[in-house]
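Raw data_32.txt, compact mmCIF, C-alpha atoms and all ligand atoms:
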```txt
# COMPACT_ATOMS: atom_id res chain seq x y z
CA MET N 181 -11.84 0.61 -24.33
CA LYS N 182 -8.64 2.06 -22.91
CA ILE N 183 -6.41 -0.45 -21.16
CA VAL N 184 -3.48 1.08 -19.29
CA ILE N 185 -0.57 -0.87 -17.79
CA LEU N 186 1.69 0.78 -15.22
CA GLY N 187 5.24 -0.59 -15.04
CA GLY N 188 7.30 -2.28 -17.74
CA GLY N 189 8.88 -5.04 -15.68
CA PHE N 190 7.96 -8.74 -15.63
CA GLY N 191 4.26 -8.20 -14.99
CA GLY N 192 3.72 -5.16 -17.20
CA ILE N 193 5.59 -6.60 -20.18
CA THR N 194 3.70 -9.88 -19.99
CA ALA N 195 0.34 -8.10 -19.77
CA ALA N 196 1.26 -5.87 -22.71
CA LEU N 197 2.25 -8.81 -24.89
CA GLU N 198 -0.85 -10.85 -24.06
CA LEU N 199 -3.19 -7.90 -24.64
CA SER N 200 -1.39 -6.92 -27.83
CA ARG N 201 -2.12 -10.37 -29.22
CA GLY N 202 -5.60 -10.60 -27.72
CA VAL N 203 -7.46 -7.31 -28.13
CA ALA N 204 -5.27 -4.43 -29.12
CA HIS N 205 -6.68 -4.01 -32.60
CA GLU N 206 -10.13 -3.15 -31.31
CA HIS N 207 -9.03 -1.33 -28.12
CA THR N 208 -6.09 0.82 -27.04
CA VAL N 209 -3.36 -0.62 -24.85
CA THR N 210 -0.81 1.77 -23.29
CA LEU N 211 2.23 0.71 -21.25
CA ILE N 212 3.74 3.42 -19.03
CA GLU N 213 7.30 2.87 -17.76
CA ARG N 214 9.83 5.42 -16.54
CA ALA N 215 12.98 3.46 -17.56
CA PRO N 216 14.03 3.08 -21.20
CA VAL N 217 15.49 -0.40 -20.64
CA PHE N 218 14.50 -3.71 -19.09
CA MET N 219 16.90 -6.06 -17.30
CA MET N 220 16.08 -9.08 -15.14
CA GLY N 221 16.98 -8.94 -11.45
CA LEU N 222 18.75 -12.29 -11.57
CA ARG N 223 21.43 -10.80 -13.85
CA LYS N 224 22.68 -8.65 -10.97
CA LEU N 225 24.12 -11.80 -9.38
CA TRP N 226 25.98 -12.64 -12.59
CA MET N 227 27.28 -9.06 -12.78
CA ILE N 228 28.69 -9.41 -9.25
CA THR N 229 30.51 -12.65 -9.93
CA GLY N 230 31.56 -11.72 -13.45
CA SER N 231 29.60 -14.50 -15.14
CA GLY N 232 27.47 -12.00 -17.07
CA THR N 233 27.42 -8.34 -18.03
CA ARG N 234 24.73 -5.71 -17.70
CA ARG N 235 24.88 -5.03 -21.42
CA ASP N 236 24.11 -8.65 -22.38
CA GLY N 237 20.92 -8.61 -20.35
CA GLU N 238 19.53 -5.15 -21.10
CA ARG N 239 16.90 -4.57 -23.77
CA GLN N 240 15.32 -1.34 -24.98
CA LEU N 241 11.66 -1.27 -24.04
CA VAL N 242 10.75 0.16 -27.46
CA ALA N 243 11.90 -3.16 -28.96
CA LEU N 244 9.06 -4.97 -27.19
CA GLN N 245 7.34 -7.32 -29.63
CA ALA N 246 3.94 -5.81 -28.92
CA SER N 247 3.29 -3.74 -32.01
CA ALA N 248 -0.27 -2.93 -31.00
CA VAL N 249 0.81 -1.44 -27.65
CA GLU N 250 1.71 2.22 -27.21
CA ILE N 251 4.80 2.45 -25.00
CA ARG N 252 5.14 5.71 -23.11
CA GLN N 253 8.30 6.54 -21.23
CA ALA N 254 6.95 8.53 -18.28
CA THR N 255 6.85 8.53 -14.51
CA VAL N 256 3.52 7.82 -12.88
CA GLN N 257 2.79 10.56 -10.35
CA ALA N 258 -0.74 9.69 -9.22
CA ILE N 259 -3.36 7.01 -9.73
CA ASP N 260 -6.89 8.39 -9.49
CA VAL N 261 -9.10 5.31 -9.33
CA GLN N 262 -12.31 7.36 -8.86
CA GLY N 263 -11.54 9.66 -11.78
CA ARG N 264 -10.26 6.70 -13.88
CA THR N 265 -7.09 8.61 -14.77
CA VAL N 266 -3.37 8.17 -14.25
CA ARG N 267 -1.30 11.34 -13.92
CA THR N 268 2.25 11.20 -15.30
CA ASP N 269 5.04 13.71 -15.84
CA ALA N 270 4.07 13.58 -19.53
CA GLY N 271 0.36 14.23 -19.06
CA ALA N 272 -2.83 12.51 -17.90
CA VAL N 273 -3.88 9.11 -19.23
CA PRO N 274 -7.50 8.00 -18.85
CA PHE N 275 -8.32 4.31 -18.46
CA ASP N 276 -11.22 1.85 -18.48
CA TYR N 277 -9.05 -1.03 -17.29
CA LEU N 278 -5.88 -0.50 -15.26
CA ILE N 279 -3.14 -3.04 -14.51
CA ILE N 280 -0.76 -1.90 -11.79
CA ALA N 281 2.61 -3.65 -12.13
CA LEU N 282 4.87 -1.09 -10.47
CA GLY N 283 6.91 -3.61 -8.46
CA ALA N 284 8.58 -3.25 -5.07
CA GLU N 285 11.31 -0.71 -4.33
CA PRO N 286 14.40 -1.63 -2.28
CA ARG N 287 14.61 1.12 0.36
CA PRO N 288 18.15 1.58 1.75
CA ASP N 289 16.92 4.88 3.23
CA LEU N 290 14.94 2.85 5.78
CA VAL N 291 18.17 1.40 7.20
CA PRO N 292 19.96 3.84 9.55
CA GLY N 293 23.53 4.40 8.42
CA PHE N 294 23.20 2.79 4.98
CA SER N 295 25.96 4.56 3.03
CA PRO N 296 28.08 3.98 -0.09
CA ALA N 297 30.35 1.87 2.16
CA VAL N 298 27.60 -0.78 1.83
CA TYR N 299 26.65 -2.44 -1.46
CA ASN N 300 22.94 -2.79 -2.22
CA LEU N 301 22.58 -6.29 -3.71
CA TYR N 302 19.33 -5.18 -5.38
CA GLY N 303 20.56 -2.01 -7.11
CA VAL N 304 21.92 -2.25 -10.63
CA ALA N 305 24.53 0.51 -10.17
CA ASP N 306 25.66 -1.11 -6.91
CA ALA N 307 25.84 -4.52 -8.59
CA GLU N 308 28.29 -3.02 -11.11
CA ARG N 309 30.29 -1.33 -8.36
CA LEU N 310 30.30 -4.54 -6.33
CA GLY N 311 31.48 -6.60 -9.31
CA GLN N 312 34.51 -4.30 -9.54
CA ARG N 313 35.19 -4.60 -5.79
CA ILE N 314 34.95 -8.39 -5.92
CA ARG N 315 37.40 -8.51 -8.81
CA GLU N 316 39.93 -6.71 -6.59
CA PHE N 317 39.07 -8.49 -3.33
CA GLN N 318 42.13 -10.27 -1.94
CA GLY N 319 40.76 -11.52 1.37
CA GLY N 320 38.84 -10.63 4.51
CA ARG N 321 35.31 -10.84 5.87
CA ILE N 322 32.33 -10.49 3.53
CA VAL N 323 28.99 -10.04 5.25
CA ILE N 324 25.71 -10.48 3.38
CA ALA N 325 22.99 -9.00 5.56
CA ILE N 326 19.24 -9.00 5.09
CA LEU N 327 18.40 -5.63 6.59
CA GLY N 328 14.61 -5.87 6.64
CA VAL N 329 11.61 -7.63 5.12
CA PRO N 330 9.97 -8.21 2.78
CA TYR N 331 12.42 -8.37 -0.09
CA LYS N 332 12.02 -9.87 -3.55
CA CYS N 333 13.46 -13.22 -4.61
CA PRO N 334 14.11 -14.47 -1.06
CA PRO N 335 16.90 -16.92 -2.03
CA ALA N 336 19.01 -14.19 -3.76
CA PRO N 337 21.21 -13.29 -0.73
CA TYR N 338 22.04 -16.97 -0.23
CA GLU N 339 22.67 -17.41 -3.95
CA ALA N 340 25.10 -14.48 -3.76
CA ALA N 341 26.92 -16.11 -0.83
CA MET N 342 27.26 -19.47 -2.60
CA MET N 343 28.29 -17.89 -5.91
CA LEU N 344 30.98 -15.85 -4.16
CA ASP N 345 32.18 -18.98 -2.35
CA ASP N 346 32.53 -20.67 -5.73
CA LEU N 347 34.31 -17.68 -7.25
CA PHE N 348 36.95 -17.50 -4.52
CA ARG N 349 37.47 -21.28 -4.68
CA ARG N 350 38.12 -21.05 -8.40
CA ARG N 351 40.53 -18.19 -7.74
CA GLY N 352 42.31 -20.24 -5.07
CA THR N 353 41.74 -17.56 -2.39
CA ARG N 354 38.76 -19.06 -0.55
CA SER N 355 40.80 -19.74 2.60
CA ALA N 356 41.51 -16.00 2.87
CA VAL N 357 37.80 -15.07 2.67
CA GLN N 358 35.16 -15.44 5.37
CA ILE N 359 31.55 -15.33 4.18
CA GLN N 360 28.82 -14.66 6.73
CA THR N 361 25.08 -14.23 6.25
CA PHE N 362 22.66 -12.60 8.70
CA THR N 363 18.86 -12.45 8.59
CA PRO N 364 16.27 -11.03 10.99
CA GLN N 365 14.05 -14.00 10.12
CA PRO N 366 14.03 -17.23 12.17
CA MET N 367 15.26 -19.32 9.23
CA SER N 368 16.73 -18.81 5.76
CA LEU N 369 13.48 -18.95 3.75
CA PRO N 370 10.55 -19.06 6.20
CA VAL N 371 7.94 -19.48 3.46
CA VAL N 372 9.32 -22.90 2.47
CA GLY N 373 9.16 -24.33 6.00
CA PRO N 374 11.81 -25.67 8.42
CA GLN N 375 12.57 -28.87 6.50
CA ASN N 376 13.37 -27.14 3.23
CA CYS N 377 15.27 -24.44 5.13
CA ALA N 378 17.44 -27.10 6.72
CA GLN N 379 18.41 -28.15 3.20
CA VAL N 380 19.37 -24.58 2.20
CA GLU N 381 21.24 -24.01 5.45
CA GLY N 382 22.99 -27.37 4.96
CA LEU N 383 24.23 -26.21 1.56
CA LEU N 384 25.59 -23.01 3.14
CA ALA N 385 27.29 -24.94 5.95
CA ALA N 386 28.86 -27.42 3.52
CA LYS N 387 30.47 -24.49 1.72
CA GLY N 388 31.79 -22.94 4.93
CA ILE N 389 29.32 -20.03 4.81
CA ALA N 390 28.15 -18.91 8.25
CA PHE N 391 24.40 -18.44 8.58
CA THR N 392 22.93 -16.55 11.54
CA PRO N 393 19.12 -16.19 11.83
CA ASN N 394 17.19 -13.89 14.21
CA ARG N 395 19.76 -11.11 13.87
CA LYS N 396 18.25 -7.71 13.23
CA VAL N 397 20.62 -4.95 12.20
CA ALA N 398 19.70 -1.75 14.05
CA ARG N 399 22.15 0.43 12.13
CA LEU N 400 25.25 0.44 10.00
CA GLU N 401 28.40 2.39 10.82
CA GLY N 402 30.48 2.31 7.67
CA SER N 403 31.22 -1.40 7.19
CA THR N 404 30.23 -2.30 10.76
CA LEU N 405 26.88 -3.88 11.55
CA VAL N 406 25.34 -2.91 14.87
CA PHE N 407 22.63 -5.34 15.94
CA GLU N 408 19.58 -4.59 18.08
CA ASP N 409 21.26 -6.01 21.19
CA GLY N 410 24.29 -3.75 20.67
CA ALA N 411 26.58 -6.51 19.32
CA ARG N 412 28.86 -5.36 16.50
CA VAL N 413 30.33 -7.19 13.52
CA GLU N 414 33.08 -5.48 11.56
CA ALA N 415 33.40 -6.48 7.93
CA ASP N 416 35.71 -5.71 5.05
CA LEU N 417 32.79 -5.77 2.66
CA VAL N 418 29.08 -5.47 3.46
CA ILE N 419 26.46 -6.53 0.93
CA GLY N 420 23.04 -5.42 2.11
CA VAL N 421 19.49 -6.38 1.17
CA PRO N 422 17.30 -3.41 2.08
CA PRO N 423 13.62 -3.89 2.99
CA HIS N 424 11.23 -3.31 0.08
CA ARG N 425 8.17 -1.08 -0.08
CA PRO N 426 5.68 -0.30 -2.87
CA PRO N 427 6.11 2.93 -4.86
CA ALA N 428 4.53 5.95 -3.11
CA VAL N 429 1.94 6.44 -5.89
CA VAL N 430 0.48 3.05 -5.06
CA LYS N 431 0.15 3.80 -1.36
CA GLU N 432 -1.53 7.11 -2.17
CA SER N 433 -4.00 5.61 -4.67
CA GLY N 434 -6.73 4.95 -2.10
CA LEU N 435 -6.88 1.29 -3.12
CA GLN N 436 -7.45 -1.14 -0.27
CA MET N 437 -4.08 -2.34 1.03
CA ARG N 438 -2.94 -5.46 2.85
CA GLY N 439 -0.34 -4.00 5.18
CA GLU N 440 1.91 -1.99 2.89
CA TRP N 441 0.89 -3.79 -0.30
CA VAL N 442 -2.09 -3.74 -2.65
CA ALA N 443 -4.81 -6.15 -1.53
CA VAL N 444 -6.07 -8.38 -4.36
CA ASP N 445 -8.35 -11.34 -4.85
CA PRO N 446 -5.69 -14.08 -5.18
CA ALA N 447 -7.66 -15.86 -7.90
CA THR N 448 -8.27 -12.85 -10.17
CA LEU N 449 -5.78 -10.17 -9.00
CA ARG N 450 -8.66 -7.69 -8.85
CA THR N 451 -8.21 -4.82 -6.41
CA SER N 452 -10.89 -2.99 -4.40
CA ALA N 453 -11.65 -0.76 -7.45
CA SER N 454 -13.63 -2.10 -10.39
CA GLY N 455 -11.54 -2.80 -13.50
CA VAL N 456 -8.28 -2.20 -11.59
CA PHE N 457 -5.84 -5.10 -11.16
CA ALA N 458 -2.47 -5.35 -9.37
CA VAL N 459 0.09 -7.97 -10.38
CA GLY N 460 3.53 -9.02 -9.20
CA ASP N 461 5.64 -7.56 -6.43
CA VAL N 462 3.25 -4.67 -5.76
CA ASN N 463 0.54 -6.92 -4.30
CA GLU N 464 0.53 -9.25 -1.33
CA ILE N 465 -1.09 -12.65 -1.59
CA PRO N 466 -1.54 -14.47 1.72
CA LEU N 467 -0.62 -18.14 1.99
CA ALA N 468 -2.25 -20.78 4.17
CA ASN N 469 0.72 -20.75 6.57
CA GLY N 470 0.16 -17.06 7.37
CA MET N 471 3.04 -15.88 5.21
CA ALA N 472 2.91 -14.11 1.85
CA LEU N 473 3.60 -15.35 -1.67
CA PRO N 474 7.29 -14.62 -2.42
CA LYS N 475 7.91 -11.68 -4.71
CA ALA N 476 9.27 -13.30 -7.88
CA GLY N 477 9.27 -12.54 -11.59
CA LEU N 478 7.71 -15.87 -12.44
CA PHE N 479 4.63 -15.03 -10.36
CA ALA N 480 4.41 -11.49 -11.77
CA GLU N 481 4.39 -13.13 -15.20
CA SER N 482 1.75 -15.76 -14.41
CA GLN N 483 -0.48 -13.21 -12.64
CA ALA N 484 -0.25 -10.86 -15.64
CA LYS N 485 -1.37 -13.70 -17.92
CA VAL N 486 -4.39 -14.35 -15.69
CA VAL N 487 -5.33 -10.65 -15.73
CA ALA N 488 -4.90 -10.24 -19.49
CA ALA N 489 -7.02 -13.36 -20.08
CA GLN N 490 -9.80 -11.91 -17.91
CA ILE N 491 -9.83 -8.58 -19.73
CA ILE N 492 -9.81 -10.32 -23.11
CA ALA N 493 -12.65 -12.63 -22.00
CA GLU N 494 -14.72 -9.69 -20.69
CA LEU N 495 -14.26 -7.69 -23.86
CA ARG N 496 -15.23 -10.70 -25.98
CA LYS N 497 -18.06 -11.64 -23.63
CA ALA N 498 -16.44 -15.08 -23.25
CA PRO N 499 -16.47 -17.24 -20.09
CA ALA N 500 -14.03 -16.32 -17.29
CA PRO N 501 -10.61 -17.94 -17.76
CA ALA N 502 -8.61 -19.98 -15.23
CA ALA N 503 -7.64 -18.40 -11.91
CA PHE N 504 -4.10 -17.75 -10.64
CA ASP N 505 -2.95 -21.11 -9.23
CA GLY N 506 0.18 -20.17 -7.29
CA ILE N 507 2.19 -22.98 -8.88
CA GLY N 508 5.75 -21.99 -9.66
CA HIS N 509 9.39 -21.98 -8.68
CA CYS N 510 12.20 -19.74 -7.51
CA PHE N 511 15.76 -20.55 -8.58
CA ILE N 512 18.61 -20.97 -6.11
CA GLU N 513 21.98 -20.81 -7.85
CA THR N 514 24.43 -22.74 -5.70
CA GLY N 515 27.79 -22.13 -7.40
CA GLY N 516 29.99 -24.75 -9.05
CA GLY N 517 27.90 -24.58 -12.24
CA GLN N 518 24.79 -25.77 -10.41
CA ALA N 519 21.43 -24.54 -9.17
CA THR N 520 18.29 -25.87 -7.60
CA MET N 521 14.84 -24.40 -7.11
CA VAL N 522 12.07 -24.11 -4.59
CA GLN N 523 9.08 -25.43 -6.47
CA GLY N 524 5.51 -26.48 -5.95
CA HIS N 525 2.09 -25.20 -5.05
CA PHE N 526 2.43 -22.03 -2.99
CA LEU N 527 -1.35 -21.63 -2.50
CA ALA N 528 -1.82 -25.18 -1.15
CA SER N 529 -3.60 -25.62 2.20
CA PRO N 530 -2.87 -26.02 5.14
CA ALA N 531 0.62 -25.00 4.01
CA PRO N 532 2.49 -24.46 0.73
CA ALA N 533 3.50 -27.82 -0.81
CA LEU N 534 7.10 -27.16 -1.80
CA THR N 535 10.27 -29.11 -2.44
CA ILE N 536 13.92 -28.30 -3.09
CA ALA N 537 15.78 -30.82 -5.25
CA ALA N 538 19.51 -31.52 -5.05
CA PRO N 539 21.54 -28.93 -7.02
CA SER N 540 22.27 -29.86 -10.62
CA ALA N 541 23.82 -28.44 -13.77
CA GLN N 542 20.46 -28.97 -15.46
CA ALA N 543 18.70 -26.58 -13.06
CA LEU N 544 21.34 -23.90 -13.72
CA GLN N 545 20.68 -24.34 -17.44
CA GLN N 546 16.96 -23.84 -16.71
CA LYS N 547 17.80 -20.57 -14.95
CA ILE N 548 19.89 -19.40 -17.90
CA ASP N 549 17.09 -20.42 -20.29
CA PHE N 550 14.54 -18.62 -18.09
CA GLU N 551 16.21 -15.30 -18.93
CA ARG N 552 17.09 -16.13 -22.53
CA SER N 553 13.65 -17.40 -23.50
CA ARG N 554 11.91 -14.29 -22.13
CA LEU N 555 14.32 -11.83 -23.73
CA LEU N 556 13.95 -13.61 -27.04
CA SER N 557 10.17 -13.81 -27.05
CA TRP N 558 9.65 -10.35 -25.51
CA PHE N 559 12.25 -8.36 -27.47
CA GLY N 560 13.19 -10.63 -30.39
CA SER N 561 16.86 -10.95 -29.33
C1 LIG N 601 19.09 -10.24 -7.41
C2 LIG N 601 17.73 -10.68 -7.87
C3 LIG N 601 17.52 -11.97 -8.30
C4 LIG N 601 16.25 -12.38 -8.73
N1 LIG N 601 16.08 -13.66 -9.19
C5 LIG N 601 14.86 -14.06 -9.61
C6 LIG N 601 14.67 -15.38 -10.13
O1 LIG N 601 15.60 -16.17 -10.23
N2 LIG N 601 13.41 -15.73 -10.51
C7 LIG N 601 12.35 -14.86 -10.41
O2 LIG N 601 11.23 -15.25 -10.78
N3 LIG N 601 12.50 -13.62 -9.90
C8 LIG N 601 13.72 -13.20 -9.51
N4 LIG N 601 13.89 -11.93 -9.01
C9 LIG N 601 12.69 -11.12 -8.68
C10 LIG N 601 12.10 -10.41 -9.86
O3 LIG N 601 13.05 -9.58 -10.49
C11 LIG N 601 10.91 -9.56 -9.42
O4 LIG N 601 10.08 -10.31 -8.58
C12 LIG N 601 10.12 -9.11 -10.64
O5 LIG N 601 10.88 -8.18 -11.37
C13 LIG N 601 8.76 -8.52 -10.26
O6 LIG N 601 8.09 -8.11 -11.41
P1 LIG N 601 7.07 -6.88 -11.36
O7 LIG N 601 6.54 -6.72 -12.74
O8 LIG N 601 6.13 -7.03 -10.23
O9 LIG N 601 7.99 -5.63 -10.98
P2 LIG N 601 9.29 -5.08 -11.71
O10 LIG N 601 9.85 -6.08 -12.65
O11 LIG N 601 10.15 -4.53 -10.65
O12 LIG N 601 8.72 -3.89 -12.59
C14 LIG N 601 8.21 -2.71 -12.04
C15 LIG N 601 8.45 -1.58 -13.04
O13 LIG N 601 7.72 -0.42 -12.63
C16 LIG N 601 8.52 0.70 -12.93
N5 LIG N 601 8.08 1.81 -12.09
C17 LIG N 601 8.05 1.87 -10.73
N6 LIG N 601 7.54 3.03 -10.32
C18 LIG N 601 7.23 3.73 -11.44
C19 LIG N 601 6.62 5.00 -11.67
N7 LIG N 601 6.26 5.79 -10.66
N8 LIG N 601 6.42 5.39 -12.95
C20 LIG N 601 6.78 4.60 -14.00
N9 LIG N 601 7.34 3.38 -13.84
C21 LIG N 601 7.56 2.97 -12.57
C22 LIG N 601 9.95 0.26 -12.62
O14 LIG N 601 10.89 1.07 -13.31
C23 LIG N 601 9.93 -1.19 -13.12
O15 LIG N 601 10.40 -1.32 -14.44
C24 LIG N 601 15.16 -11.47 -8.66
C25 LIG N 601 15.37 -10.15 -8.24
C26 LIG N 601 16.65 -9.75 -7.87
C27 LIG N 601 16.86 -8.30 -7.49
```
Would you give me this structure, written as structure tokens?
Amino acid sequence: MKIVILGGGFGGITAALELSRGVAHEHTVTLIERAPVFMMGLRKLWMITGSGTRRDGERQLVALQASAVEIRQATVQAIDVQGRTVRTDAGAVPFDYLIIALGAEPRPDLVPGFSPAVYNLYGVADAERLGQRIREFQGGRIVIAILGVPYKCPPAPYEAAMMLDDLFRRRGTRSAVQIQTFTPQPMSLPVVGPQNCAQVEGLLAAKGIAFTPNRKVARLEGSTLVFEDGARVEADLVIGVPPHRPPAVVKESGLQMRGEWVAVDPATLRTSASGVFAVGDVNEIPLANGMALPKAGLFAESQAKVVAAQIIAELRKAPAPAAFDGIGHCFIETGGGQATMVQGHFLASPAPALTIAAPSAQALQQKIDFERSRLLSWFGS
């Protein structure tokens, strides 16, 4: 059998490793990824504040500890689910099983006026550029604006605000810096509910970070935000979170979608086409409160494990393995050497059962270990 994985991020790497161990000697497993290197999204925040470098977190995909997997560096151009073939810029690849793990793309082009005057918090080149700007920043107004939804790792803009607060305090220039956050959503992290949001917003307030919900940016004019009602906020530095969309090839695949995203069975991650799965940011899993499962690496990883286990079980004619349970966490780094996390059962009914503990040094260590442990087991260093 030919098993093809599209995307070498959290979900694709996990699927490749699991299948390499589980079935790759009897079947072929191919991972197709356009980028030569992997780096975790969370490192961008460390690059901005200077607590980590890009180089320390990047790994060559060819170093993946999945010897039985063929890694092809290529761009996927079309997914033909009827013809059971993926077209890439390096040729066609037929499949029996397909795992789509192509992620979600930040789309600054969907925000009128988004220009190099604005820093995209979710772009690696912008994170480097922003790190440089922050190093030189003497004082003024920093605005962190969520410019549309959905976006991955929902706490990241608030983490950035709190980490910058901490940085300027350590530098002794905090009193010269205003930090403001804006979101079009009614609260900081709607998926976690009003009570947990009050906790996050309380942390922001305690650090002197302004938080304004229900503010939709209509357009940007240089470093000025123009809101839907015409109000304007001028900033010295704008850090933007663009809305995310799936890669075009996914939209054009003919698979059944849920809004913009691939529709899947939440238990099995199966799509509308037989033998085709979608894991991670590229899918949308509805929650009992009417919202969607947050787009996070931890979930891409756990979904990929569920999918690999199903393929392995099918090929071995073994009983079906456990379903995706929606249990997990998202880190919230809070500055001052601390972090917390939103954790619990996201698929619980009638609403996700989630808590946010008080920030601690231990939780920050867990976040650091989260990256380190994956890099070590995936790439051997
Ligand atoms: C600032 C920030 C902080 C974050 N913090 C956390 C955190 O603390 N915890 C957490 O769990 N998650 C965090 N995340 C979110 C996490 O990075 C994503 O949710 C995760 O990467 C999703 O995994 P994925 O496999 O679905 O997609 P991705 O990891 O994005 O992988 C998709 C891959 O597909 C490739 N690709 C796309 N299109 C094509 C194509 N046409 N051809 C070939 N290849 C293609 C891309 O190059 C990419 O490598 C953070 C993200 C950011 C940006």
Sphere at (1.5, 1.6, -1.0), radius 12 Å, counting all atoms listed in the file: residues as a VMD selection string: chain N and resid 258 to 259 280 282 to 285 424 to 443 458 461 to 464
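The spacing separating CA of Gln360 in chain N from CA of Leu290 in chain N amounts to 22.4 Å.
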Nearby residues, (-15.6, -14.5, -10.3) file frame, 10 Å, all atoms listed in the file, as number ranges by chain: N: 445, 447-448, 450, 490, 500-501, 503
Box for ligand LIG 601 (chain N): with edges along x, y and z, all listed atoms inside and 8 Å added on each side, what are the centre and edge lengths in Å to one decimal, as AutoDock Vina command-line options?
```
--center_x 12.6 --center_y -5.2 --center_z -10.9 --size_x 29.0 --size_y 38.0 --size_z 23.0
```
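Atom to atom, CA of Gly402 in chain N and atom C25 of ligand LIG 601 (chain N) stand 25.2 Å apart.
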Selection: 10 Å around range 524-536 of chain N, all atoms listed in the file, excl. self and same-chain fewer than 2 positions, as a PyMOL selection string: chain N and resi 371-373+375-377+379-380+446+465-474+504-512+520-522+538-539
Residues of the last selection are to be written out with C-alpha atoms, as a JSON list (two decimals), in the coordinates of the input.
```json
[["chain", "number", "residue", "atom", "x", "y", "z"],
["N", 371, "VAL", "CA", 7.94, -19.48, 3.46],
["N", 372, "VAL", "CA", 9.32, -22.90, 2.47],
["N", 373, "GLY", "CA", 9.16, -24.33, 6.00],
["N", 375, "GLN", "CA", 12.57, -28.87, 6.50],
["N", 376, "ASN", "CA", 13.37, -27.14, 3.23],
["N", 377, "CYS", "CA", 15.27, -24.44, 5.13],
["N", 379, "GLN", "CA", 18.41, -28.15, 3.20],
["N", 380, "VAL", "CA", 19.37, -24.58, 2.20],
["N", 446, "PRO", "CA", -5.69, -14.08, -5.18],
["N", 465, "ILE", "CA", -1.09, -12.65, -1.59],
["N", 466, "PRO", "CA", -1.54, -14.47, 1.72],
["N", 467, "LEU", "CA", -0.62, -18.14, 1.99],
["N", 468, "ALA", "CA", -2.25, -20.78, 4.17],
["N", 469, "ASN", "CA", 0.72, -20.75, 6.57],
["N", 470, "GLY", "CA", 0.16, -17.06, 7.37],
["N", 471, "MET", "CA", 3.04, -15.88, 5.21],
["N", 472, "ALA", "CA", 2.91, -14.11, 1.85],
["N", 473, "LEU", "CA", 3.60, -15.35, -1.67],
["N", 474, "PRO", "CA", 7.29, -14.62, -2.42],
["N", 504, "PHE", "CA", -4.10, -17.75, -10.64],
["N", 505, "ASP", "CA", -2.95, -21.11, -9.23],
["N", 506, "GLY", "CA", 0.18, -20.17, -7.29],
["N", 507, "ILE", "CA", 2.19, -22.98, -8.88],
["N", 508, "GLY", "CA", 5.75, -21.99, -9.66],
["N", 509, "HIS", "CA", 9.39, -21.98, -8.68],
["N", 510, "CYS", "CA", 12.20, -19.74, -7.51],
["N", 511, "PHE", "CA", 15.76, -20.55, -8.58],
["N", 512, "ILE", "CA", 18.61, -20.97, -6.11],
["N", 520, "THR", "CA", 18.29, -25.87, -7.60],
["N", 521, "MET", "CA", 14.84, -24.40, -7.11],
["N", 522, "VAL", "CA", 12.07, -24.11, -4.59],
["N", 538, "ALA", "CA", 19.51, -31.52, -5.05],
["N", 539, "PRO", "CA", 21.54, -28.93, -7.02]]
```
